[in-house]
file query.txt (compact mmCIF, C-alpha atoms)
# COMPACT_ATOMS: atom_id res chain seq x y z
CA MET E 12 -17.94 -6.72 -9.86
CA SER E 13 -14.35 -5.59 -10.32
CA THR E 14 -12.04 -6.04 -13.26
CA THR E 15 -8.48 -5.30 -14.15
CA GLU E 16 -6.87 -5.09 -17.55
CA GLY E 17 -6.40 -8.53 -19.08
CA ALA E 18 -8.14 -10.37 -16.22
CA PRO E 19 -11.58 -11.98 -16.11
CA PRO E 20 -14.39 -10.40 -14.06
CA VAL E 21 -14.17 -11.46 -10.43
CA ASP E 22 -16.76 -10.94 -7.74
CA SER E 23 -15.16 -8.61 -5.19
CA ASN E 24 -17.01 -10.29 -2.33
CA VAL E 25 -15.54 -13.69 -3.26
CA VAL E 26 -12.05 -12.20 -3.41
CA ARG E 27 -12.50 -10.48 -0.07
CA GLN E 28 -13.53 -13.77 1.51
CA LEU E 29 -10.20 -15.18 0.37
CA LEU E 30 -7.81 -12.23 0.82
CA LEU E 31 -9.69 -9.76 3.06
CA PHE E 32 -8.99 -7.08 0.43
CA ASP E 33 -9.83 -6.54 -3.23
CA PRO E 34 -6.69 -6.52 -5.42
CA PHE E 35 -8.73 -5.19 -8.36
CA ASP E 36 -9.80 -2.03 -6.52
CA PRO E 37 -8.06 1.00 -8.11
CA GLU E 38 -7.46 2.46 -4.64
CA PHE E 39 -5.71 -0.73 -3.56
CA ARG E 40 -3.58 -0.73 -6.69
CA ALA E 41 -2.55 2.88 -6.07
CA ASP E 42 -1.72 2.24 -2.40
CA PRO E 43 -2.04 -1.32 -1.04
CA HIS E 44 -0.28 -0.48 2.20
CA ARG E 45 -3.45 0.76 3.89
CA ALA E 46 -5.10 -2.61 3.28
CA TYR E 47 -2.00 -4.49 4.39
CA ARG E 48 -1.89 -2.43 7.58
CA GLU E 49 -5.52 -3.27 8.33
CA VAL E 50 -4.80 -6.97 7.86
CA ARG E 51 -1.73 -6.80 10.12
CA GLU E 52 -3.57 -4.84 12.80
CA SER E 53 -6.37 -7.42 12.83
CA GLY E 54 -3.74 -9.99 13.78
CA PRO E 55 -0.32 -11.00 12.47
CA VAL E 56 -1.72 -14.45 11.59
CA THR E 57 -5.29 -14.55 10.28
CA ALA E 58 -7.46 -17.34 8.90
CA THR E 59 -9.73 -15.92 6.19
CA PRO E 60 -13.29 -17.12 5.53
CA GLY E 61 -12.05 -18.34 2.15
CA GLY E 62 -9.71 -20.88 3.74
CA LEU E 63 -6.42 -19.03 3.42
CA TRP E 64 -3.95 -18.12 6.15
CA LEU E 65 -2.64 -14.56 5.91
CA VAL E 66 0.64 -13.88 7.73
CA SER E 67 1.50 -10.19 7.98
CA GLY E 68 3.68 -9.62 11.05
CA HIS E 69 7.42 -9.33 10.49
CA ARG E 70 8.35 -11.91 13.12
CA GLN E 71 5.70 -14.35 11.91
CA VAL E 72 6.53 -13.98 8.21
CA SER E 73 10.24 -14.48 8.98
CA ALA E 74 9.45 -17.59 10.99
CA VAL E 75 7.40 -19.19 8.20
CA LEU E 76 10.07 -18.40 5.60
CA ARG E 77 12.67 -20.14 7.75
CA ASP E 78 10.45 -23.09 8.76
CA GLN E 79 10.81 -26.18 6.59
CA ALA E 80 7.35 -27.27 7.73
CA PHE E 81 6.25 -24.89 4.97
CA GLY E 82 7.16 -25.29 1.33
CA TRP E 83 5.49 -26.41 -1.84
CA GLY E 84 5.13 -30.18 -1.95
CA GLU E 85 2.74 -30.89 -4.79
CA ALA E 86 1.10 -27.46 -4.71
CA GLU E 87 3.11 -25.94 -7.53
CA LEU E 88 2.55 -28.96 -9.77
CA ALA E 89 -1.12 -28.10 -10.10
CA ALA E 90 -0.18 -24.58 -11.18
CA GLY E 91 2.23 -25.88 -13.80
CA HIS E 92 5.44 -24.60 -12.16
CA PHE E 93 7.54 -27.56 -13.21
CA THR E 94 9.28 -29.20 -16.16
CA THR E 95 9.62 -32.87 -17.02
CA ASP E 96 13.00 -34.07 -18.27
CA ASP E 97 13.61 -36.76 -20.90
CA ASP E 98 13.49 -39.48 -18.24
CA GLY E 99 10.12 -38.34 -16.92
CA ASN E 100 11.53 -36.73 -13.77
CA THR E 101 9.94 -33.55 -12.44
CA VAL E 102 12.30 -30.55 -12.27
CA ARG E 103 11.14 -27.50 -10.36
CA PRO E 104 12.64 -24.00 -10.31
CA LEU E 105 14.44 -23.19 -7.05
CA THR E 106 11.57 -20.88 -6.12
CA PHE E 107 9.18 -23.84 -6.01
CA ALA E 108 11.52 -26.61 -4.84
CA ASP E 109 11.76 -28.09 -1.35
CA PRO E 110 14.77 -29.74 0.33
CA PRO E 111 16.64 -31.91 -0.40
CA GLU E 112 16.14 -31.08 -4.09
CA HIS E 113 16.39 -27.35 -3.39
CA THR E 114 19.51 -27.77 -1.22
CA ARG E 115 21.38 -29.72 -3.87
CA ILE E 116 20.58 -27.42 -6.81
CA ARG E 117 21.11 -24.18 -4.89
CA SER E 118 24.51 -25.36 -3.69
CA LEU E 119 25.62 -26.07 -7.25
CA VAL E 120 24.24 -22.82 -8.65
CA SER E 121 25.63 -20.66 -5.81
CA SER E 122 29.15 -21.85 -6.49
CA ALA E 123 28.90 -20.47 -10.03
CA PHE E 124 26.75 -17.41 -9.32
CA SER E 125 28.43 -15.72 -6.37
CA ALA E 126 28.30 -12.14 -5.10
CA ARG E 127 31.96 -11.80 -6.11
CA ILE E 128 31.13 -12.64 -9.73
CA VAL E 129 28.22 -10.18 -9.73
CA GLU E 130 30.34 -7.39 -8.23
CA ARG E 131 32.58 -7.49 -11.30
CA LEU E 132 29.61 -6.06 -13.22
CA ARG E 133 29.46 -2.82 -11.20
CA PRO E 134 31.59 -0.68 -13.56
CA ARG E 135 29.63 -2.02 -16.52
CA ALA E 136 26.31 -1.27 -14.78
CA GLN E 137 27.35 2.31 -14.07
CA GLU E 138 28.62 2.79 -17.63
CA LEU E 139 25.41 1.41 -19.15
CA ALA E 140 23.20 3.52 -16.89
CA ARG E 141 25.02 6.70 -17.97
CA GLU E 142 24.77 5.78 -21.65
CA LEU E 143 21.07 5.02 -21.43
CA LEU E 144 20.11 8.14 -19.48
CA ALA E 145 22.21 10.37 -21.73
CA ALA E 146 20.50 8.93 -24.80
CA ALA E 147 17.07 9.35 -23.21
CA LEU E 148 17.72 13.01 -22.38
CA ALA E 149 19.59 13.82 -25.60
CA ASP E 150 16.72 15.58 -27.38
CA GLY E 151 16.21 17.99 -24.49
CA GLY E 152 12.78 16.60 -23.66
CA GLY E 153 11.71 14.14 -21.05
CA ALA E 154 12.76 10.57 -20.43
CA ASP E 155 10.77 7.52 -19.42
CA VAL E 156 12.94 5.97 -16.74
CA ILE E 157 11.15 2.61 -16.94
CA GLN E 158 11.24 2.13 -20.68
CA GLN E 159 14.48 3.95 -21.53
CA VAL E 160 16.67 3.17 -18.53
CA ALA E 161 15.40 0.48 -16.16
CA TYR E 162 14.35 -2.12 -18.71
CA PRO E 163 17.34 -1.89 -21.06
CA LEU E 164 19.82 -1.61 -18.18
CA THR E 165 18.44 -4.68 -16.40
CA GLY E 166 18.05 -6.66 -19.59
CA ARG E 167 21.53 -5.97 -20.92
CA LEU E 168 23.22 -6.80 -17.62
CA LEU E 169 21.29 -10.06 -17.27
CA CYS E 170 22.00 -11.05 -20.86
CA GLU E 171 25.70 -10.14 -20.64
CA LEU E 172 25.99 -12.12 -17.40
CA LEU E 173 24.38 -15.20 -18.93
CA GLY E 174 26.10 -14.84 -22.30
CA VAL E 175 22.86 -14.34 -24.22
CA ASP E 176 22.88 -13.23 -27.85
CA PRO E 177 22.10 -9.46 -27.93
CA GLU E 178 19.36 -9.86 -30.53
CA TYR E 179 17.31 -11.89 -28.04
CA GLN E 180 17.07 -9.16 -25.40
CA GLU E 181 13.76 -7.69 -26.56
CA ARG E 182 12.20 -11.13 -26.86
CA PHE E 183 13.43 -11.98 -23.37
CA ARG E 184 11.76 -8.88 -22.01
CA ALA E 185 8.36 -9.91 -23.42
CA TRP E 186 8.77 -13.48 -22.17
CA ALA E 187 9.87 -12.29 -18.72
CA GLU E 188 6.87 -9.96 -18.46
CA ALA E 189 4.51 -12.83 -19.34
CA MET E 190 6.07 -15.06 -16.70
CA GLY E 191 6.10 -12.27 -14.10
CA ARG E 192 2.40 -11.63 -14.63
CA GLY E 193 1.94 -15.38 -14.31
CA LEU E 194 3.05 -15.28 -10.68
CA ASP E 195 -0.37 -13.96 -9.69
CA PRO E 196 -3.02 -16.44 -8.54
CA ASP E 197 -4.76 -18.10 -11.46
CA PHE E 198 -8.10 -16.50 -10.53
CA MET E 199 -6.59 -13.10 -11.40
CA GLN E 200 -5.62 -14.18 -14.91
CA SER E 201 -7.45 -14.87 -18.12
CA PRO E 202 -6.90 -18.11 -20.05
CA ASP E 203 -4.93 -16.05 -22.58
CA GLN E 204 -2.54 -14.77 -19.90
CA LEU E 205 -2.00 -18.28 -18.55
CA ALA E 206 -1.29 -19.50 -22.08
CA ARG E 207 1.23 -16.68 -22.60
CA ARG E 208 2.99 -17.68 -19.39
CA GLU E 209 3.39 -21.26 -20.59
CA GLU E 210 4.43 -20.13 -24.07
CA ALA E 211 7.08 -17.82 -22.57
CA ARG E 212 8.43 -20.64 -20.40
CA ALA E 213 8.67 -22.90 -23.44
CA HIS E 214 10.54 -20.22 -25.40
CA PHE E 215 13.03 -19.71 -22.56
CA HIS E 216 13.62 -23.44 -22.21
CA GLU E 217 14.19 -23.88 -25.92
CA TYR E 218 16.67 -21.00 -26.06
CA PHE E 219 18.68 -22.00 -22.99
CA ALA E 220 18.82 -25.66 -24.03
CA GLU E 221 20.42 -24.58 -27.30
CA LEU E 222 22.76 -22.09 -25.58
CA ALA E 223 23.87 -24.68 -23.01
CA ALA E 224 24.66 -27.14 -25.80
CA ARG E 225 26.84 -24.50 -27.47
CA ARG E 226 28.64 -23.72 -24.20
CA ARG E 227 29.38 -27.39 -23.60
CA ALA E 228 31.11 -27.48 -26.96
CA GLU E 229 32.73 -24.04 -26.70
CA PRO E 230 32.79 -22.62 -23.13
CA GLY E 231 32.85 -18.87 -22.71
CA ASP E 232 33.31 -16.35 -19.89
CA ASP E 233 29.66 -16.29 -18.83
CA LEU E 234 27.31 -17.77 -16.26
CA VAL E 235 25.87 -20.45 -18.54
CA SER E 236 29.37 -21.77 -19.17
CA ALA E 237 30.05 -21.72 -15.43
CA LEU E 238 26.83 -23.62 -14.72
CA VAL E 239 27.71 -26.20 -17.36
CA ALA E 240 31.10 -26.71 -15.71
CA VAL E 241 30.15 -26.57 -12.02
CA GLU E 242 30.56 -29.82 -10.13
CA GLN E 243 30.62 -30.78 -6.45
CA GLU E 244 31.49 -34.22 -5.12
CA GLY E 245 30.78 -35.77 -8.48
CA ASP E 246 27.39 -34.06 -8.81
CA ARG E 247 26.42 -31.72 -11.66
CA LEU E 248 23.33 -29.95 -12.83
CA THR E 249 21.39 -32.02 -15.33
CA ALA E 250 20.63 -30.44 -18.69
CA THR E 251 17.03 -29.76 -17.63
CA GLU E 252 18.05 -28.34 -14.25
CA LEU E 253 20.44 -25.95 -15.96
CA VAL E 254 17.76 -24.76 -18.40
CA VAL E 255 15.19 -24.30 -15.63
CA THR E 256 17.73 -22.39 -13.49
CA CYS E 257 18.70 -20.01 -16.29
CA THR E 258 15.04 -19.38 -17.07
CA LEU E 259 14.38 -18.54 -13.41
CA LEU E 260 17.38 -16.20 -13.13
CA LEU E 261 16.39 -14.20 -16.18
CA SER E 262 12.60 -14.20 -15.88
CA ALA E 263 12.50 -13.54 -12.12
CA GLY E 264 15.33 -11.01 -12.15
CA TYR E 265 14.01 -8.91 -15.01
CA ALA E 266 10.75 -7.32 -13.86
CA THR E 267 11.63 -7.31 -10.16
CA THR E 268 14.77 -5.25 -10.73
CA VAL E 269 13.00 -2.88 -13.12
CA HIS E 270 10.26 -2.28 -10.56
CA LEU E 271 12.76 -1.82 -7.73
CA ILE E 272 14.32 1.00 -9.75
CA GLY E 273 10.98 2.55 -10.72
CA ASN E 274 9.40 2.28 -7.28
CA GLY E 275 12.55 3.68 -5.71
CA MET E 276 12.79 6.70 -7.98
CA LEU E 277 9.11 7.53 -7.59
CA ALA E 278 9.38 7.25 -3.80
CA LEU E 279 12.34 9.65 -3.81
CA LEU E 280 10.54 12.14 -6.05
CA GLU E 281 7.52 12.06 -3.75
CA ASN E 282 9.75 12.59 -0.70
CA PRO E 283 11.98 15.51 -1.75
CA ASP E 284 13.69 15.73 1.63
CA GLN E 285 14.91 12.15 1.18
CA LEU E 286 15.97 12.84 -2.40
CA ALA E 287 17.96 15.84 -1.20
CA TRP E 288 19.58 13.78 1.58
CA LEU E 289 20.67 11.07 -0.85
CA ARG E 290 21.95 13.65 -3.31
CA ALA E 291 24.09 15.06 -0.50
CA ASN E 292 25.20 11.57 0.59
CA PRO E 293 25.76 9.60 -2.65
CA GLY E 294 27.89 7.03 -0.86
CA ARG E 295 24.77 5.83 0.95
CA VAL E 296 22.95 4.69 -2.19
CA GLY E 297 23.22 1.09 -1.00
CA ASP E 298 21.30 1.95 2.17
CA ALA E 299 18.77 3.88 0.08
CA VAL E 300 18.09 0.85 -2.10
CA GLU E 301 17.46 -1.26 1.03
CA GLU E 302 15.03 1.36 2.32
CA VAL E 303 13.01 1.59 -0.90
CA LEU E 304 12.98 -2.21 -0.98
CA ARG E 305 11.39 -2.10 2.47
CA PHE E 306 9.14 0.89 1.79
CA ASP E 307 7.71 -0.16 -1.58
CA GLY E 308 9.39 -3.33 -2.79
CA PRO E 309 8.51 -5.04 -6.07
CA ILE E 310 7.55 -8.38 -4.48
CA GLN E 311 4.50 -7.78 -2.32
CA LEU E 312 3.76 -11.31 -1.19
CA VAL E 313 4.72 -14.95 -1.58
CA SER E 314 2.82 -18.14 -0.89
CA ARG E 315 3.61 -21.39 0.87
CA VAL E 316 1.81 -24.62 1.78
CA ALA E 317 1.96 -26.41 5.13
CA LEU E 318 3.76 -29.69 4.40
CA ARG E 319 2.57 -31.21 7.68
CA ASP E 320 0.38 -30.28 10.63
CA THR E 321 2.17 -27.37 12.31
CA GLU E 322 1.54 -23.97 13.85
CA VAL E 323 2.29 -20.31 13.28
CA ASP E 324 2.51 -18.08 16.31
CA GLY E 325 0.29 -20.45 18.30
CA ASN E 326 -2.24 -20.96 15.50
CA ALA E 327 -2.72 -24.59 14.41
CA VAL E 328 -2.23 -24.92 10.65
CA ALA E 329 -3.26 -28.21 9.05
CA ALA E 330 -1.15 -30.00 6.46
CA GLY E 331 -2.01 -28.81 2.97
CA SER E 332 -3.24 -25.40 4.10
CA PRO E 333 -2.28 -22.51 1.80
CA VAL E 334 -0.44 -19.63 3.46
CA LEU E 335 0.03 -16.15 2.01
CA LEU E 336 2.97 -14.20 3.40
CA LEU E 337 2.45 -10.44 3.05
CA LEU E 338 6.03 -9.21 2.72
CA ALA E 339 4.88 -5.64 2.15
CA ALA E 340 2.92 -5.68 5.43
CA ALA E 341 5.82 -7.23 7.35
CA ASN E 342 8.19 -4.59 5.98
CA ARG E 343 6.07 -1.88 7.61
CA ASP E 344 5.57 -3.61 10.94
CA PRO E 345 5.95 -0.96 13.70
CA ALA E 346 7.23 -3.66 16.05
CA VAL E 347 10.41 -3.72 13.95
CA PHE E 348 10.62 -0.39 12.11
CA ASP E 349 10.24 3.05 13.67
CA ASP E 350 7.72 5.22 11.82
CA PRO E 351 7.36 2.45 9.19
CA ASP E 352 5.14 4.37 6.76
CA ARG E 353 7.80 7.04 6.30
CA LEU E 354 10.56 6.73 3.70
CA ASP E 355 13.89 7.27 5.46
CA VAL E 356 16.88 6.51 3.24
CA SER E 357 19.25 7.21 6.14
CA ARG E 358 17.60 4.37 8.09
CA LYS E 359 19.99 1.66 9.24
CA PRO E 360 19.44 -1.17 6.74
CA GLY E 361 18.66 -4.71 7.70
CA ARG E 362 15.76 -7.02 8.50
CA ASN E 363 13.62 -6.03 5.52
CA LEU E 364 12.10 -9.04 3.80
CA GLY E 365 12.07 -7.67 0.25
CA PHE E 366 14.30 -10.49 -1.00
CA GLY E 367 12.94 -13.05 1.45
CA VAL E 368 14.92 -14.87 4.12
CA GLY E 369 16.00 -18.43 4.79
CA ILE E 370 16.69 -21.06 2.16
CA HIS E 371 14.62 -19.23 -0.47
CA PHE E 372 16.43 -15.90 -0.08
CA CYS E 373 16.54 -14.45 -3.60
CA LEU E 374 19.48 -15.90 -5.51
CA GLY E 375 19.63 -12.82 -7.74
CA ALA E 376 19.57 -10.28 -4.89
CA PRO E 377 23.22 -9.16 -5.37
CA LEU E 378 22.61 -8.39 -9.04
CA ALA E 379 19.30 -6.62 -8.37
CA ARG E 380 20.93 -4.49 -5.69
CA LEU E 381 23.90 -3.62 -7.89
CA THR E 382 21.65 -2.66 -10.82
CA ALA E 383 19.33 -0.54 -8.67
CA GLN E 384 22.30 1.20 -7.02
CA ALA E 385 23.75 2.08 -10.41
CA ALA E 386 20.44 3.44 -11.71
CA LEU E 387 19.29 5.35 -8.63
CA GLY E 388 22.78 6.65 -7.90
CA LEU E 389 22.86 8.17 -11.37
CA LEU E 390 19.27 9.43 -11.45
CA VAL E 391 19.60 11.42 -8.24
CA GLU E 392 22.59 13.26 -9.70
CA HIS E 393 20.19 14.95 -12.12
CA GLU E 394 17.54 17.54 -11.30
CA LEU E 395 14.56 15.54 -12.56
CA VAL E 396 10.86 15.92 -11.80
CA LEU E 397 7.72 14.04 -12.80
CA ASP E 398 6.54 14.92 -16.29
CA GLY E 399 2.78 14.75 -15.83
CA PRO E 400 0.47 13.22 -13.22
CA ARG E 401 1.48 10.43 -10.86
CA PRO E 402 1.94 7.33 -13.05
CA ALA E 403 -0.43 4.39 -12.64
CA ARG E 404 0.64 1.06 -11.21
CA THR E 405 0.56 -2.20 -13.10
CA GLY E 406 -2.32 -4.59 -12.37
CA SER E 407 -0.31 -7.40 -10.78
CA LEU E 408 -0.88 -8.49 -7.18
CA VAL E 409 2.50 -10.14 -6.58
CA LEU E 410 4.65 -7.65 -8.52
CA ARG E 411 4.18 -3.98 -7.73
CA GLY E 412 5.60 -1.58 -10.26
CA LEU E 413 5.12 1.07 -12.92
CA ALA E 414 4.59 0.69 -16.63
CA GLU E 415 6.16 4.12 -17.16
CA LEU E 416 7.87 6.87 -15.18
CA PRO E 417 8.15 9.98 -17.36
CA LEU E 418 10.60 12.57 -16.03
CA ARG E 419 11.94 15.86 -17.29
CA SER E 420 14.66 18.25 -16.26
CA ALA E 421 13.57 20.67 -13.54

call {"tool": "encode", "arguments": {"input": "query.txt", "output": "structure tokens"}}
result
Amino acid sequence: MSTTEGAPPVDSNVVRQLLLFDPFDPEFRADPHRAYREVRESGPVTATPGGLWLVSGHRQVSAVLRDQAFGWGEAELAAGHFTTDDDGNTVRPLTFADPPEHTRIRSLVSSAFSARIVERLRPRAQELARELLAAALADGGGADVIQQVAYPLTGRLLCELLGVDPEYQERFRAWAEAMGRGLDPDFMQSPDQLARREEARAHFHEYFAELAARRRAEPGDDLVSALVAVEQEGDRLTATELVVTCTLLLSAGYATTVHLIGNGMLALLENPDQLAWLRANPGRVGDAVEEVLRFDGPIQLVSRVALRDTEVDGNAVAAGSPVLLLLAAANRDPAVFDDPDRLDVSRKPGRNLGFGVGIHFCLGAPLARLTAQAALGLLVEHELVLDGPRPARTGSLVLRGLAELPLRSA
């Protein structure tokens, strides 16, 4: 039997029948890439004895992500990833929506939440990062990059973008963590964790419904106001769609960006030649962020369901079949990346699947990239080393990250 903090006991043999690896194994948690490589080498598309399709090759994962034969249908309803509006209509977050619903909502949201709007935050992101790191290092001791830089930096930028009241930032962090942990399969979670996920979602919805009502009455210079106002060809977001969208942007963007920063900094510290190269080439921090996203990204896998009888790479997949896309395995596919298990921040960026591809490409990717560039660009300016042993990873399967990253001046 294997366990992980906060999760019920699970028979490792049952899990292996489903996934071909044990996500509760401490060795897997420390380094899942060996297991992902074994899955990929056994075949880029594999049917497990537990009835799940594992897709691990870069070309095959990309194809499924782009193929509208795969989506969600009713699958996410059973897991509770939906909201019902006052008229009894089901509203799903963009992550779990299929066309044409997804197409309509994403078009409306994208017109208000563009890369141009996000780019205006770059000076603020750099300013905040400097303030936070200076405060963390002020006493001459060490600094926990996760708790003292990554979390507050990400949270404050998200809240300032959305126009959230500053006093809610700490509560948002707790709610976002509960929802992020809730992305794991239900078998990996205790009833208490599932309840916390639903409670966090309810808190987010209540807050954003109230904030949207205020912005309708008194618009401001923030994303919620822009989403309230956005309209195309006579179509607008409904009140429930707006609330669900804001909840997704904040809850999904929080932990993923924090873990991108933490994973990236740890990877650089463990590869001093790459840290030295980036320090000598600070203008390439954007490429470095893309490489750490490929090398050890925060989102390890995503799931889909076959909406009709179809195939993947010549394998017949029946309608209703669950499919697990191993992004982390695809991002180290030697058919696409030279020497894929080596961190190379000078590598030409492109083709990594850390933010997905196709219609579900991460809506918040520009903000996550900007935030990570500000944080890593600043951190590598300082001579910092690990303060203690290699930090442990969190227990999530979907989200890979660190609870802490204590550093000190060299």

call {"tool": "atom_distance", "arguments": {"input": "query.txt", "atom1": "CA of Pro417 in chain E", "atom2": "CA of Met276 in chain E"}}
result
11.0 Å

call {"tool": "atom_distance", "arguments": {"input": "query.txt", "atom1": "CA of Val391 in chain E", "atom2": "CA of Leu286 in chain E"}}
result
7.0 Å

call {"tool": "closest_atom_pairs", "arguments": {"input": "query.txt", "of": "range 119-176 of chain E", "to": "range 258-272 of chain E", "cutoff": "12 Å", "atoms": "only C-alpha atoms", "output": "tab-separated table"}}
result
residue	atom	partner	partner_atom	distance
E:Val120	CA	E:Leu260	CA	10.5
E:Ser121	CA	E:Leu260	CA	11.9
E:Phe124	CA	E:Leu260	CA	10.2
E:Ala140	CA	E:Ile272	CA	11.7
E:Val156	CA	E:Ile272	CA	8.7
E:Ile157	CA	E:Val269	CA	6.9
E:Gln158	CA	E:Val269	CA	9.2
E:Gln159	CA	E:Val269	CA	10.9
E:Val160	CA	E:Val269	CA	8.9
E:Ala161	CA	E:Val269	CA	5.1
E:Tyr162	CA	E:Val269	CA	5.8
E:Pro163	CA	E:Val269	CA	9.1
E:Leu164	CA	E:Val269	CA	8.6
E:Thr165	CA	E:Tyr265	CA	6.3
E:Gly166	CA	E:Tyr265	CA	6.5
E:Arg167	CA	E:Tyr265	CA	10.0
E:Leu168	CA	E:Tyr265	CA	9.8
E:Leu169	CA	E:Leu261	CA	6.5
E:Cys170	CA	E:Leu261	CA	8.0
E:Glu171	CA	E:Leu261	CA	11.1
E:Leu172	CA	E:Leu261	CA	9.9
E:Leu173	CA	E:Leu261	CA	8.5
E:Gly174	CA	E:Leu261	CA	11.5
E:Val175	CA	E:Leu261	CA	10.3

call {"tool": "residues_near_point", "arguments": {"input": "query.txt", "point": "(4.0, -5.4, 5.1)", "cutoff": "10 Å", "atoms": "only C-alpha atoms", "output": "PyMOL selection string"}}
result
chain E and resi 43-48+50-51+66-69+72+305-308+311-312+336-345+351-352+363-365

call {"tool": "atom_distance", "arguments": {"input": "query.txt", "atom1": "CA of Leu29 in chain E", "atom2": "CA of Val334 in chain E"}}
result
11.2 Å

call {"tool": "closest_residue", "arguments": {"input": "query.txt", "among": "E:Pro400, E:Gly331, E:Gly82, E:Pro309", "to": "Phe366 in chain E", "atoms": "only C-alpha atoms"}}
result
E:Pro309

call {"tool": "closest_residue", "arguments": {"input": "query.txt", "among": "E:Asp233, E:Asp350, E:Asp355, E:Glu178", "to": "Ala278 in chain E", "atoms": "all atoms listed in the file"}}
result
E:Asp355

call {"tool": "decode", "arguments": {"input": "query.txt", "residues": "range 308-323 of chain E", "atoms": "N, CA and C atoms", "output": "short mmCIF file (atom, residue, chain, number, x, y, z; two decimals), in the first residue's frame"}}
result
data_model
loop_
_atom_site.label_atom_id
_atom_site.label_comp_id
_atom_site.auth_asym_id
_atom_site.auth_seq_id
_atom_site.Cartn_x
_atom_site.Cartn_y
_atom_site.Cartn_z
N GLY E 308 7.97 21.37 -16.38
CA GLY E 308 6.83 22.27 -16.30
C GLY E 308 5.88 21.94 -15.17
N PRO E 309 5.07 22.89 -14.75
CA PRO E 309 4.16 22.67 -13.63
C PRO E 309 2.98 21.75 -13.97
N ILE E 310 2.51 21.75 -15.22
CA ILE E 310 1.41 20.88 -15.61
C ILE E 310 2.00 19.64 -16.25
N GLN E 311 1.87 18.50 -15.56
CA GLN E 311 2.48 17.27 -16.03
C GLN E 311 1.61 16.51 -17.03
N LEU E 312 0.31 16.63 -16.89
CA LEU E 312 -0.58 15.86 -17.75
C LEU E 312 -1.96 16.50 -17.76
N VAL E 313 -2.72 16.19 -18.80
CA VAL E 313 -4.11 16.61 -18.90
C VAL E 313 -4.91 15.42 -19.41
N SER E 314 -6.19 15.45 -19.22
CA SER E 314 -7.03 14.34 -19.66
C SER E 314 -8.05 14.80 -20.69
N ARG E 315 -8.51 13.87 -21.48
CA ARG E 315 -9.55 14.08 -22.47
C ARG E 315 -10.43 12.83 -22.52
N VAL E 316 -11.54 12.95 -23.24
CA VAL E 316 -12.43 11.82 -23.48
C VAL E 316 -12.71 11.78 -24.98
N ALA E 317 -12.74 10.59 -25.56
CA ALA E 317 -13.11 10.45 -26.96
C ALA E 317 -14.60 10.73 -27.10
N LEU E 318 -14.96 11.74 -27.89
CA LEU E 318 -16.36 12.13 -28.05
C LEU E 318 -17.08 11.25 -29.08
N ARG E 319 -16.30 10.53 -29.88
CA ARG E 319 -16.86 9.59 -30.84
C ARG E 319 -15.80 8.53 -31.13
N ASP E 320 -16.19 7.47 -31.81
CA ASP E 320 -15.20 6.47 -32.21
C ASP E 320 -14.16 7.15 -33.10
N THR E 321 -12.89 6.97 -32.77
CA THR E 321 -11.83 7.65 -33.52
C THR E 321 -10.56 6.82 -33.41
N GLU E 322 -9.42 7.42 -33.72
CA GLU E 322 -8.16 6.72 -33.57
C GLU E 322 -7.05 7.70 -33.21
N VAL E 323 -6.02 7.15 -32.61
CA VAL E 323 -4.82 7.92 -32.30
C VAL E 323 -3.63 7.14 -32.82
#
